[in-house]
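**Q** My structure is below; once you've seen it, I'll send some questions.
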Amino acid sequence: MNLFGQTISNLEQGLNYSSVKNQTIGNNIANVDTPGYKAKDVSFKDHLNAASFDARQTNQRHISFSGQEPSFNISARQDATYNHNGNSVDIDKEMSELAKNQMYYQALTERINGKFSSIKTAVGGR
Amino acid sequence: MKPIDPQFFTQATASLNPQQTQQNQVTASDVQQGFANELKNAINKVNSAQQASNQQTNALVNGEADNLHNVMIAAEKASVTLQTATEMQNKAVDAYNKVMRMQL
Amino acid sequence: MSIFDGLNANASALTANRFKMDVVSSNIANANTTRAEQNEDGEWVPYRRKIVSQESRGASFDSFLQKSLGRSDNPGQGVRINSVEEDQSPFKQVYQPSHPDANEDGYVQMPNVDPLEEMLELMSTSRSYEANVTALNASKGMMMKALEIGR
């Protein structure tokens with residue numbers, strides 16, 4: 001019996017991404033004047049649609065691809081400018097990314113709360 | 001004083017004609033059909049509202065949402081629709097129980 | 001288009017203003033630098049005042065398409081620094097025969113930086129930065145309120 005649909009698992013993935021991104025931004029801000037430090041960013045790694053992608057197994061011992069969760073790729077930020085000591089952290093960009101990420105996390109939390117309370121309403125009846 | 005119009009009595013008694021009252025009667029099966037349709041409509045509305053809300057929420061997770069307030073409003077609409085349908089179902093069940101408890 | 005477009009626009013302005021501040025600081029710091037770089041003849045050339053030019057970031061394909069279709073334009077995506085150019089106005093000539101860089105007539109070429117002009121630029125950039133921070137906080141406040149719908 002599948003109580004929790006695709007939307008809730010999407011929300012979970014989004015919350016995971018947001019949490020990793022928060023750590024990355026915090027680390028960037030901490031290293032704002034470290035010489036040679038490159039600012040990092042988080043992206044979804046080749047977001048495979050787990051429901052529709054299923055590898056054809058020619059041998060039973062081959063590992064199936066289905067059900068693989070998209071993981072996150074932490075890499076250097078692409079459009080960064082470097083200052084004189086090789087540091088590429090733009091403090092304004094990091095602060096605004098922090099604000100945006102907070103907003104994103106709270107929005108997703110609100111939504112997932114709403115979904116759970118809807119499920120409880122439907123299950124509880126009266 | 002105005003004389004009473006003889007047509008007045010004819011018209012008054014005509015409305016009490018048993019043939020006409022039968023046409024205005026509502027049968028029990030009509031009532032049942034009406035309520036079943038309402039419940040079906042409510043469930044359809046719940047489904048479409050939930051789907052619309054899911055669509056908006058997925059767009060929010062992927063960063064493609066246009067406006068945050070639209071997402072929240074769609075979610076609230078879906079929630080209220082669901083609660084309304086649940087209440088309607090409760091009322092139907094209560095009415096059934098009441099009828100079954102009647103001593104005949 | 002995402003819910004964060006407004007925030008992105010203000011954030012781009014914060015970055016641009018910080019960059020302008022850096023340029024203003026460089027101009028003020030080098031207001032008296034007579035030996036900034038060497039030209040082809042091996043002579044020292046004084047520091048040239050740097051000017052920043054910025055442009056609006058909204059000129060994307062999407063906005064051209066919307067305009068040509070007759071629909072309303074999108075609000076734009078903020079600002080970006082176009083280029084950093086050198087001010088081509090002439091150097092200041094100061095009479096100081098004892099200076100090591102004085103020419104035969106005793107005149108030294110000083111950078112074409114006017115400290116008062118730089119101070120004006122500094123104040124305006126600083127105010128612009130504050131205004132953008134206020135706008136960004138206002139956008140964030142609106143979104144927080146939107147999250148309370150139905151709570």
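Numbering starts fresh at 1 for the residues of each chain in the structure tokens, the chains themselves are lettered A, B, ... in the order given, and ligands are numbered from 1 as they appear.
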Which neighbours of segment 104-114 of chain C fall inside 9 Å, counting only C-alpha atoms, when residues of the same chain fewer than 2 positions from it are skipped, and could you give them as a PyMOL selection string?
**A** chain C and resi 27-28+30-34+45-50+87-102+116-119
**Q** Using N, CA and C atoms, can you write the selected residues to a file as a compact mmCIF listing (two decimals), in the first residue's frame?
**A**
# COMPACT_ATOMS: atom_id res chain seq x y z
N ASN C 27 40.96 53.70 -7.07
CA ASN C 27 41.21 55.06 -7.55
C ASN C 27 41.73 55.95 -6.43
N ILE C 28 41.07 55.88 -5.27
CA ILE C 28 41.49 56.74 -4.16
C ILE C 28 42.88 56.35 -3.68
N ASN C 30 45.26 55.08 -5.33
CA ASN C 30 46.30 55.41 -6.32
C ASN C 30 46.24 56.85 -6.76
N ALA C 31 45.65 57.72 -5.96
CA ALA C 31 45.48 59.11 -6.39
C ALA C 31 46.80 59.82 -6.59
N ASN C 32 47.85 59.30 -5.99
CA ASN C 32 49.14 59.96 -6.13
C ASN C 32 50.19 59.04 -6.74
N THR C 33 49.78 57.99 -7.41
CA THR C 33 50.76 57.05 -7.97
C THR C 33 51.28 57.56 -9.29
N THR C 34 52.53 57.97 -9.33
CA THR C 34 53.09 58.48 -10.57
C THR C 34 53.70 57.39 -11.42
N VAL C 45 54.32 55.62 -16.60
CA VAL C 45 53.08 56.37 -16.85
C VAL C 45 52.28 56.39 -15.55
N PRO C 46 51.70 57.54 -15.20
CA PRO C 46 50.93 57.59 -13.95
C PRO C 46 49.66 56.75 -14.05
N TYR C 47 49.06 56.55 -12.88
CA TYR C 47 47.82 55.77 -12.77
C TYR C 47 46.69 56.52 -13.47
N ARG C 48 45.94 55.77 -14.29
CA ARG C 48 44.78 56.36 -14.95
C ARG C 48 43.52 55.98 -14.17
N ARG C 49 42.67 56.96 -13.95
CA ARG C 49 41.43 56.71 -13.21
C ARG C 49 40.58 55.68 -13.95
N LYS C 50 40.00 54.74 -13.19
CA LYS C 50 39.20 53.69 -13.80
C LYS C 50 37.71 54.04 -13.66
N ASP C 87 39.80 56.29 -17.72
CA ASP C 87 39.36 57.64 -18.05
C ASP C 87 40.44 58.30 -18.91
N GLN C 88 40.08 58.75 -20.11
CA GLN C 88 41.08 59.27 -21.02
C GLN C 88 41.33 60.76 -20.85
N SER C 89 40.77 61.37 -19.82
CA SER C 89 41.04 62.80 -19.63
C SER C 89 42.51 62.99 -19.26
N PRO C 90 43.05 64.17 -19.56
CA PRO C 90 44.51 64.34 -19.41
C PRO C 90 44.96 64.30 -17.96
N PHE C 91 46.25 63.95 -17.79
CA PHE C 91 46.81 63.90 -16.44
C PHE C 91 46.93 65.32 -15.90
N LYS C 92 46.99 65.39 -14.56
CA LYS C 92 47.18 66.70 -13.93
C LYS C 92 48.67 67.04 -13.94
N GLN C 93 49.00 68.27 -14.21
CA GLN C 93 50.39 68.72 -14.19
C GLN C 93 50.63 69.50 -12.92
N VAL C 94 51.54 69.00 -12.12
CA VAL C 94 51.84 69.67 -10.84
C VAL C 94 53.30 70.10 -10.86
N TYR C 95 53.53 71.33 -10.48
CA TYR C 95 54.90 71.85 -10.51
C TYR C 95 55.63 71.41 -9.24
N GLN C 96 56.59 70.47 -9.43
CA GLN C 96 57.35 69.98 -8.28
C GLN C 96 58.72 69.54 -8.77
N PRO C 97 59.65 70.47 -8.94
CA PRO C 97 60.93 70.14 -9.57
C PRO C 97 61.74 69.11 -8.81
N SER C 98 61.53 69.00 -7.49
CA SER C 98 62.34 68.07 -6.70
C SER C 98 61.85 66.64 -6.77
N HIS C 99 60.71 66.45 -7.44
CA HIS C 99 60.14 65.10 -7.52
C HIS C 99 60.99 64.25 -8.47
N PRO C 100 61.24 62.97 -8.15
CA PRO C 100 62.06 62.13 -9.04
C PRO C 100 61.45 61.95 -10.43
N ASP C 101 60.14 62.11 -10.56
CA ASP C 101 59.50 61.92 -11.86
C ASP C 101 59.22 63.22 -12.58
N ALA C 102 59.82 64.30 -12.13
CA ALA C 102 59.58 65.59 -12.79
C ALA C 102 60.26 65.60 -14.15
N LEU C 116 37.39 64.34 -4.65
CA LEU C 116 36.01 64.72 -4.33
C LEU C 116 35.03 63.92 -5.17
N GLU C 117 35.38 63.77 -6.46
CA GLU C 117 34.50 62.99 -7.33
C GLU C 117 34.42 61.54 -6.84
N GLU C 118 35.57 61.01 -6.40
CA GLU C 118 35.57 59.63 -5.92
C GLU C 118 34.74 59.51 -4.65
N MET C 119 34.79 60.53 -3.78
CA MET C 119 33.98 60.47 -2.56
C MET C 119 32.50 60.46 -2.90
**Q** Name all residues at most 6 Å from segment 60-75 of chain B (count only C-alpha atoms; drop same-chain ones fewer than 4 positions away) and give them as JSON, numbers by chain.
**A** {"A": [14], "B": [53, 56], "C": [2, 3, 146]}
**Q** Quick check: residues of chain B within 7 Å of chain A, only C-alpha atoms, returned as a CSV table (one decimal) with N, CA and C atoms, in the first residue's frame.
**A**
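Okay, iface22.csv is ready:
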chain,number,residue,atom,x,y,z
B,54,ASN,N,-0.3,19.2,-6.6
B,54,ASN,CA,1.0,18.4,-6.8
B,54,ASN,C,1.8,19.0,-7.9
B,58,ASN,N,5.6,20.2,-7.3
B,58,ASN,CA,6.7,19.7,-8.0
B,58,ASN,C,7.5,20.8,-8.7
B,61,VAL,N,9.7,22.4,-6.2
B,61,VAL,CA,10.9,21.7,-5.8
B,61,VAL,C,12.0,21.8,-6.9
B,79,SER,N,-6.5,21.2,0.1
B,79,SER,CA,-6.8,20.8,1.5
B,79,SER,C,-8.2,21.0,1.9
B,83,GLN,N,-11.1,18.3,2.8
B,83,GLN,CA,-11.9,18.3,4.1
B,83,GLN,C,-13.4,18.4,3.9
B,86,THR,N,-14.5,15.0,2.8
B,86,THR,CA,-14.5,14.1,4.0
B,86,THR,C,-15.7,14.3,4.9
B,90,ASN,N,-18.7,11.9,5.9
B,90,ASN,CA,-19.1,11.7,7.3
B,90,ASN,C,-20.6,11.9,7.5
**Q** Do you know which residues are at most 12 Å from Asp22 of chain C counting only C-alpha atoms, after dropping those on the same chain fewer than 5 positions away, and could you put them as a ChimeraX atom specification?
**A** /A:83-84 /C:15-17,27-29,50-52,84,118,121-122,125-126
**Q** Can you tell me, as a list in words, what residues are no more than 8 Å from Ala13 of chain C when counting only C-alpha atoms, ignoring any on the same chain fewer than 6 positions away?
**A**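 Counting only C-alpha atoms, the residues come to Gly78, Val79, Arg80, Tyr129 and Asn132 of chain C.
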**Q** With C-alpha atoms kept, could you save the residues just selected as a PDB file, in the first residue's frame?
**A**
ATOM      1  CA  GLY C  78      19.123  42.912 -12.540  1.00  0.00           C
ATOM      2  CA  VAL C  79      22.405  44.489 -13.436  1.00  0.00           C
ATOM      3  CA  ARG C  80      25.841  43.417 -14.552  1.00  0.00           C
ATOM      4  CA  TYR C 129      24.045  48.987  -1.768  1.00  0.00           C
ATOM      5  CA  ASN C 132      19.336  46.919  -2.596  1.00  0.00           C
TER       6      ASN C 132
END
**Q** Could you tell me which residues of chain C sit within 12 Å of chain A when counting only C-alpha atoms, and give me the result as a PDB file with N, CA and C atoms, in the first residue's frame?
**A**
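Result file is out32.pdb:
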ATOM      1  N   SER C   2      11.577  32.018 -11.929  1.00  0.00           N
ATOM      2  CA  SER C   2      11.384  31.314 -10.667  1.00  0.00           C
ATOM      3  C   SER C   2      10.923  32.312  -9.625  1.00  0.00           C
ATOM      4  N   ILE C   3      10.617  31.784  -8.434  1.00  0.00           N
ATOM      5  CA  ILE C   3      10.128  32.674  -7.387  1.00  0.00           C
ATOM      6  C   ILE C   3      11.234  33.585  -6.886  1.00  0.00           C
ATOM      7  N   PHE C   4      12.481  33.263  -7.217  1.00  0.00           N
ATOM      8  CA  PHE C   4      13.595  34.033  -6.674  1.00  0.00           C
ATOM      9  C   PHE C   4      14.099  35.099  -7.637  1.00  0.00           C
ATOM     10  N   ASP C   5      13.350  35.427  -8.679  1.00  0.00           N
ATOM     11  CA  ASP C   5      13.851  36.390  -9.663  1.00  0.00           C
ATOM     12  C   ASP C   5      14.132  37.751  -9.035  1.00  0.00           C
ATOM     13  N   GLY C   6      13.216  38.208  -8.174  1.00  0.00           N
ATOM     14  CA  GLY C   6      13.426  39.504  -7.541  1.00  0.00           C
ATOM     15  C   GLY C   6      14.677  39.511  -6.686  1.00  0.00           C
ATOM     16  N   LEU C   7      14.830  38.434  -5.901  1.00  0.00           N
ATOM     17  CA  LEU C   7      16.020  38.329  -5.052  1.00  0.00           C
ATOM     18  C   LEU C   7      17.286  38.321  -5.900  1.00  0.00           C
ATOM     19  N   ASN C   8      17.260  37.583  -7.027  1.00  0.00           N
ATOM     20  CA  ASN C   8      18.441  37.507  -7.884  1.00  0.00           C
ATOM     21  C   ASN C   8      18.814  38.874  -8.429  1.00  0.00           C
ATOM     22  N   ALA C   9      17.804  39.651  -8.802  1.00  0.00           N
ATOM     23  CA  ALA C   9      18.086  40.974  -9.351  1.00  0.00           C
ATOM     24  C   ALA C   9      18.800  41.833  -8.318  1.00  0.00           C
ATOM     25  N   ASN C  10      18.256  41.836  -7.073  1.00  0.00           N
ATOM     26  CA  ASN C  10      18.906  42.649  -6.045  1.00  0.00           C
ATOM     27  C   ASN C  10      20.291  42.127  -5.692  1.00  0.00           C
ATOM     28  N   ALA C  11      20.441  40.813  -5.713  1.00  0.00           N
ATOM     29  CA  ALA C  11      21.754  40.239  -5.404  1.00  0.00           C
ATOM     30  C   ALA C  11      22.769  40.641  -6.459  1.00  0.00           C
ATOM     31  N   SER C  12      22.335  40.681  -7.731  1.00  0.00           N
ATOM     32  CA  SER C  12      23.268  41.086  -8.787  1.00  0.00           C
ATOM     33  C   SER C  12      23.704  42.528  -8.578  1.00  0.00           C
ATOM     34  N   ALA C  13      22.772  43.346  -8.103  1.00  0.00           N
ATOM     35  CA  ALA C  13      23.132  44.737  -7.841  1.00  0.00           C
ATOM     36  C   ALA C  13      24.108  44.851  -6.683  1.00  0.00           C
ATOM     37  N   LEU C  14      23.962  43.972  -5.671  1.00  0.00           N
ATOM     38  CA  LEU C  14      24.907  44.000  -4.548  1.00  0.00           C
ATOM     39  C   LEU C  14      26.313  43.689  -5.029  1.00  0.00           C
ATOM     40  N   THR C  15      26.415  42.669  -5.891  1.00  0.00           N
ATOM     41  CA  THR C  15      27.729  42.317  -6.419  1.00  0.00           C
ATOM     42  C   THR C  15      28.302  43.465  -7.239  1.00  0.00           C
ATOM     43  N   ALA C  16      27.465  44.067  -8.086  1.00  0.00           N
ATOM     44  CA  ALA C  16      27.943  45.159  -8.936  1.00  0.00           C
ATOM     45  C   ALA C  16      28.403  46.336  -8.095  1.00  0.00           C
ATOM     46  N   ASN C  17      27.648  46.649  -7.024  1.00  0.00           N
ATOM     47  CA  ASN C  17      28.032  47.781  -6.189  1.00  0.00           C
ATOM     48  C   ASN C  17      29.322  47.512  -5.438  1.00  0.00           C
ATOM     49  N   ARG C  18      29.492  46.262  -5.003  1.00  0.00           N
ATOM     50  CA  ARG C  18      30.744  45.940  -4.313  1.00  0.00           C
ATOM     51  C   ARG C  18      31.923  46.101  -5.264  1.00  0.00           C
ATOM     52  N   PHE C  19      31.714  45.682  -6.518  1.00  0.00           N
ATOM     53  CA  PHE C  19      32.767  45.817  -7.519  1.00  0.00           C
ATOM     54  C   PHE C  19      33.095  47.292  -7.740  1.00  0.00           C
ATOM     55  N   ASP C  22      35.165  48.571  -5.039  1.00  0.00           N
ATOM     56  CA  ASP C  22      36.568  48.174  -5.163  1.00  0.00           C
ATOM     57  C   ASP C  22      37.302  49.108  -6.116  1.00  0.00           C
ATOM     58  N   TYR C 129      23.902  50.295  -2.413  1.00  0.00           N
ATOM     59  CA  TYR C 129      24.045  48.987  -1.768  1.00  0.00           C
ATOM     60  C   TYR C 129      22.989  48.827  -0.684  1.00  0.00           C
ATOM     61  N   ASN C 132      19.529  48.276  -2.099  1.00  0.00           N
ATOM     62  CA  ASN C 132      19.336  46.919  -2.596  1.00  0.00           C
ATOM     63  C   ASN C 132      19.159  45.926  -1.471  1.00  0.00           C
ATOM     64  N   VAL C 133      19.871  46.138  -0.368  1.00  0.00           N
ATOM     65  CA  VAL C 133      19.681  45.242   0.772  1.00  0.00           C
ATOM     66  C   VAL C 133      18.252  45.381   1.290  1.00  0.00           C
ATOM     67  N   ALA C 135      15.608  46.280  -0.432  1.00  0.00           N
ATOM     68  CA  ALA C 135      14.687  45.655  -1.396  1.00  0.00           C
ATOM     69  C   ALA C 135      14.722  44.140  -1.261  1.00  0.00           C
ATOM     70  N   LEU C 136      15.910  43.598  -1.066  1.00  0.00           N
ATOM     71  CA  LEU C 136      16.038  42.150  -0.931  1.00  0.00           C
ATOM     72  C   LEU C 136      15.317  41.660   0.309  1.00  0.00           C
ATOM     73  N   ASN C 137      15.467  42.402   1.417  1.00  0.00           N
ATOM     74  CA  ASN C 137      14.760  42.011   2.636  1.00  0.00           C
ATOM     75  C   ASN C 137      13.253  42.105   2.464  1.00  0.00           C
ATOM     76  N   ALA C 138      12.807  43.118   1.700  1.00  0.00           N
ATOM     77  CA  ALA C 138      11.368  43.246   1.461  1.00  0.00           C
ATOM     78  C   ALA C 138      10.845  42.049   0.665  1.00  0.00           C
ATOM     79  N   SER C 139      11.597  41.636  -0.368  1.00  0.00           N
ATOM     80  CA  SER C 139      11.186  40.457  -1.151  1.00  0.00           C
ATOM     81  C   SER C 139      11.105  39.235  -0.261  1.00  0.00           C
ATOM     82  N   LYS C 140      12.126  39.078   0.595  1.00  0.00           N
ATOM     83  CA  LYS C 140      12.150  37.909   1.472  1.00  0.00           C
ATOM     84  C   LYS C 140      10.961  37.958   2.435  1.00  0.00           C
ATOM     85  N   GLY C 141      10.643  39.161   2.954  1.00  0.00           N
ATOM     86  CA  GLY C 141       9.507  39.285   3.861  1.00  0.00           C
ATOM     87  C   GLY C 141       8.198  38.889   3.198  1.00  0.00           C
ATOM     88  N   MET C 142       8.045  39.289   1.930  1.00  0.00           N
ATOM     89  CA  MET C 142       6.825  38.927   1.203  1.00  0.00           C
ATOM     90  C   MET C 142       6.703  37.425   1.048  1.00  0.00           C
ATOM     91  N   MET C 143       7.817  36.778   0.760  1.00  0.00           N
ATOM     92  CA  MET C 143       7.757  35.336   0.578  1.00  0.00           C
ATOM     93  C   MET C 143       7.463  34.624   1.892  1.00  0.00           C
ATOM     94  N   MET C 144       8.010  35.139   2.999  1.00  0.00           N
ATOM     95  CA  MET C 144       7.710  34.529   4.288  1.00  0.00           C
ATOM     96  C   MET C 144       6.214  34.635   4.585  1.00  0.00           C
ATOM     97  N   LYS C 145       5.634  35.782   4.225  1.00  0.00           N
ATOM     98  CA  LYS C 145       4.196  35.948   4.433  1.00  0.00           C
ATOM     99  C   LYS C 145       3.418  34.971   3.567  1.00  0.00           C
ATOM    100  N   ALA C 146       3.897  34.761   2.340  1.00  0.00           N
ATOM    101  CA  ALA C 146       3.199  33.832   1.448  1.00  0.00           C
ATOM    102  C   ALA C 146       3.194  32.435   2.044  1.00  0.00           C
ATOM    103  N   LEU C 147       4.253  32.077   2.770  1.00  0.00           N
ATOM    104  CA  LEU C 147       4.296  30.756   3.376  1.00  0.00           C
ATOM    105  C   LEU C 147       3.233  30.600   4.449  1.00  0.00           C
ATOM    106  N   GLU C 148       2.716  31.716   4.972  1.00  0.00           N
ATOM    107  CA  GLU C 148       1.726  31.613   6.038  1.00  0.00           C
ATOM    108  C   GLU C 148       0.308  31.472   5.511  1.00  0.00           C
ATOM    109  N   ILE C 149       0.147  31.407   4.186  1.00  0.00           N
ATOM    110  CA  ILE C 149      -1.207  31.258   3.636  1.00  0.00           C
ATOM    111  C   ILE C 149      -1.778  29.934   4.121  1.00  0.00           C
ATOM    112  N   GLY C 150      -2.950  30.031   4.747  1.00  0.00           N
ATOM    113  CA  GLY C 150      -3.622  28.811   5.149  1.00  0.00           C
ATOM    114  C   GLY C 150      -3.109  28.238   6.455  1.00  0.00           C
ATOM    115  N   ARG C 151      -2.127  28.902   7.087  1.00  0.00           N
ATOM    116  CA  ARG C 151      -1.634  28.349   8.354  1.00  0.00           C
ATOM    117  C   ARG C 151      -2.582  28.701   9.496  1.00  0.00           C
TER     118      ARG C 151
END
**Q** Give me every strand (DSSP E or B) residue in segment 73-109 of chain C, going by DSSP on the backbone, as an NGL selection string.
**A** :C and (79-86 or 92-95 or 107-109)
**Q** Limited to C-alpha atoms, could you put the picked residues into a file as a compact mmCIF listing (two decimals), in the first residue's frame?
**A**
# COMPACT_ATOMS: atom_id res chain seq x y z
CA VAL C 79 22.41 44.49 -13.44
CA ARG C 80 25.84 43.42 -14.55
CA ILE C 81 29.15 45.16 -14.95
CA ASN C 82 29.78 45.89 -18.61
CA SER C 83 33.39 46.98 -18.61
CA VAL C 84 36.07 48.73 -16.64
CA GLU C 85 37.64 51.44 -18.74
CA GLU C 86 40.31 54.01 -18.16
CA LYS C 92 47.18 66.70 -13.93
CA GLN C 93 50.39 68.72 -14.19
CA VAL C 94 51.84 69.67 -10.84
CA TYR C 95 54.90 71.85 -10.51
CA TYR C 107 56.27 69.37 -13.91
CA VAL C 108 55.13 66.02 -12.60
CA GLN C 109 52.23 64.20 -14.25
**Q** To one decimal in Å, tell me the separation between atom CA of Ser56 of chain C and atom CA of Gly76 of chain C.
**A**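 Rounded to one decimal, the two atoms are 7.7 Å apart.
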**Q** Within 8 Å of Val20 of chain A, counting only C-alpha atoms, which residues qualify if same-chain residues fewer than 4 places away don't, as a list in words?
**A**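 In the requested format, the answer is Asn16, Thr24 and Val42 of chain A.
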**Q** Counting only C-alpha atoms, which of B:Ala42, B:Ala12, B:Val26, B:Ala78 gets nearest to chain C?
**A** B:Ala78
**Q** Skipping near chain neighbours, those fewer than 4 positions away, what residues fall within 7 Å of segment 32-34 of chain A using only C-alpha atoms, listed as an NGL selection string?
**A** :A and (28 or 87 or 89 or 91)
**Q** Just how far from atom CA of Val46 of chain B is atom CA of Lys77 of chain B, in Å to one decimal?
**A**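 Computing the Euclidean distance for atom CA of Lys77 of chain B and atom CA of Val46 of chain B yields 9.2 Å.
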**Q** Based on DSSP run over this structure's backbone, return all residues of chain C in alpha helix (DSSP H), as a VMD selection string.
**A** chain C and resid 5 to 29 61 to 68 115 to 147
**Q** Take the residues from that selection and put them in a file with C-alpha atoms, as a PDB file, in the first residue's frame.
**A**
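Final output, result-v3.pdb:
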ATOM      1  CA  ASP C   5      13.851  36.390  -9.663  1.00  0.00           C
ATOM      2  CA  GLY C   6      13.426  39.504  -7.541  1.00  0.00           C
ATOM      3  CA  LEU C   7      16.020  38.329  -5.052  1.00  0.00           C
ATOM      4  CA  ASN C   8      18.441  37.507  -7.884  1.00  0.00           C
ATOM      5  CA  ALA C   9      18.086  40.974  -9.351  1.00  0.00           C
ATOM      6  CA  ASN C  10      18.906  42.649  -6.045  1.00  0.00           C
ATOM      7  CA  ALA C  11      21.754  40.239  -5.404  1.00  0.00           C
ATOM      8  CA  SER C  12      23.268  41.086  -8.787  1.00  0.00           C
ATOM      9  CA  ALA C  13      23.132  44.737  -7.841  1.00  0.00           C
ATOM     10  CA  LEU C  14      24.907  44.000  -4.548  1.00  0.00           C
ATOM     11  CA  THR C  15      27.729  42.317  -6.419  1.00  0.00           C
ATOM     12  CA  ALA C  16      27.943  45.159  -8.936  1.00  0.00           C
ATOM     13  CA  ASN C  17      28.032  47.781  -6.189  1.00  0.00           C
ATOM     14  CA  ARG C  18      30.744  45.940  -4.313  1.00  0.00           C
ATOM     15  CA  PHE C  19      32.767  45.817  -7.519  1.00  0.00           C
ATOM     16  CA  LYS C  20      32.280  49.554  -8.019  1.00  0.00           C
ATOM     17  CA  MET C  21      33.413  50.144  -4.447  1.00  0.00           C
ATOM     18  CA  ASP C  22      36.568  48.174  -5.163  1.00  0.00           C
ATOM     19  CA  VAL C  23      37.260  50.349  -8.187  1.00  0.00           C
ATOM     20  CA  VAL C  24      36.612  53.545  -6.212  1.00  0.00           C
ATOM     21  CA  SER C  25      38.950  52.303  -3.475  1.00  0.00           C
ATOM     22  CA  SER C  26      41.604  51.573  -6.063  1.00  0.00           C
ATOM     23  CA  ASN C  27      41.211  55.059  -7.549  1.00  0.00           C
ATOM     24  CA  ILE C  28      41.486  56.741  -4.160  1.00  0.00           C
ATOM     25  CA  ALA C  29      44.436  54.614  -3.106  1.00  0.00           C
ATOM     26  CA  PHE C  61      16.266  36.225 -25.926  1.00  0.00           C
ATOM     27  CA  ASP C  62      13.151  35.606 -23.877  1.00  0.00           C
ATOM     28  CA  SER C  63      12.509  39.323 -23.376  1.00  0.00           C
ATOM     29  CA  PHE C  64      12.987  40.077 -27.106  1.00  0.00           C
ATOM     30  CA  LEU C  65      10.577  37.293 -27.969  1.00  0.00           C
ATOM     31  CA  GLN C  66       7.969  38.574 -25.541  1.00  0.00           C
ATOM     32  CA  LYS C  67       8.287  42.117 -26.843  1.00  0.00           C
ATOM     33  CA  SER C  68       7.965  41.112 -30.494  1.00  0.00           C
ATOM     34  CA  PRO C 115      39.265  62.765  -4.670  1.00  0.00           C
ATOM     35  CA  LEU C 116      36.014  64.723  -4.333  1.00  0.00           C
ATOM     36  CA  GLU C 117      34.504  62.989  -7.333  1.00  0.00           C
ATOM     37  CA  GLU C 118      35.573  59.632  -5.916  1.00  0.00           C
ATOM     38  CA  MET C 119      33.979  60.467  -2.565  1.00  0.00           C
ATOM     39  CA  LEU C 120      30.686  61.260  -4.339  1.00  0.00           C
ATOM     40  CA  GLU C 121      30.891  57.963  -6.181  1.00  0.00           C
ATOM     41  CA  LEU C 122      31.620  56.205  -2.895  1.00  0.00           C
ATOM     42  CA  MET C 123      28.595  57.687  -1.162  1.00  0.00           C
ATOM     43  CA  SER C 124      26.252  56.960  -4.053  1.00  0.00           C
ATOM     44  CA  THR C 125      27.502  53.374  -4.341  1.00  0.00           C
ATOM     45  CA  SER C 126      27.103  52.882  -0.622  1.00  0.00           C
ATOM     46  CA  ARG C 127      23.520  54.208  -0.671  1.00  0.00           C
ATOM     47  CA  SER C 128      22.719  52.030  -3.652  1.00  0.00           C
ATOM     48  CA  TYR C 129      24.045  48.987  -1.768  1.00  0.00           C
ATOM     49  CA  GLU C 130      21.847  49.795   1.226  1.00  0.00           C
ATOM     50  CA  ALA C 131      18.798  50.322  -0.988  1.00  0.00           C
ATOM     51  CA  ASN C 132      19.336  46.919  -2.596  1.00  0.00           C
ATOM     52  CA  VAL C 133      19.681  45.242   0.772  1.00  0.00           C
ATOM     53  CA  THR C 134      16.364  46.827   1.810  1.00  0.00           C
ATOM     54  CA  ALA C 135      14.687  45.655  -1.396  1.00  0.00           C
ATOM     55  CA  LEU C 136      16.038  42.150  -0.931  1.00  0.00           C
ATOM     56  CA  ASN C 137      14.760  42.011   2.636  1.00  0.00           C
ATOM     57  CA  ALA C 138      11.368  43.246   1.461  1.00  0.00           C
ATOM     58  CA  SER C 139      11.186  40.457  -1.151  1.00  0.00           C
ATOM     59  CA  LYS C 140      12.150  37.909   1.472  1.00  0.00           C
ATOM     60  CA  GLY C 141       9.507  39.285   3.861  1.00  0.00           C
ATOM     61  CA  MET C 142       6.825  38.927   1.203  1.00  0.00           C
ATOM     62  CA  MET C 143       7.757  35.336   0.578  1.00  0.00           C
ATOM     63  CA  MET C 144       7.710  34.529   4.288  1.00  0.00           C
ATOM     64  CA  LYS C 145       4.196  35.948   4.433  1.00  0.00           C
ATOM     65  CA  ALA C 146       3.199  33.832   1.448  1.00  0.00           C
ATOM     66  CA  LEU C 147       4.296  30.756   3.376  1.00  0.00           C
TER      67      LEU C 147
END
**Q** Residues at most 10 Å from Ser75 of chain A, counting only C-alpha atoms, excluding those fewer than 3 positions away in the same chain, as a PyMOL selection string?
**A** chain A and resi 24+38-43+72+78
**Q** Selection from above, C-alpha atoms, as a short mmCIF file (atom, residue, chain, number, x, y, z; two decimals), in the first residue's frame, can you write it?
**A**
data_model
loop_
_atom_site.label_atom_id
_atom_site.label_comp_id
_atom_site.auth_asym_id
_atom_site.auth_seq_id
_atom_site.Cartn_x
_atom_site.Cartn_y
_atom_site.Cartn_z
CA THR A 24 28.15 24.26 1.24
CA LYS A 38 37.19 28.18 -4.91
CA ALA A 39 33.53 28.73 -4.05
CA LYS A 40 31.47 25.53 -4.26
CA ASP A 41 27.93 24.88 -5.42
CA VAL A 42 25.56 21.88 -5.27
CA SER A 43 23.75 20.42 -8.27
CA PHE A 72 24.26 15.63 -5.35
CA GLN A 78 31.10 28.13 -12.66
#
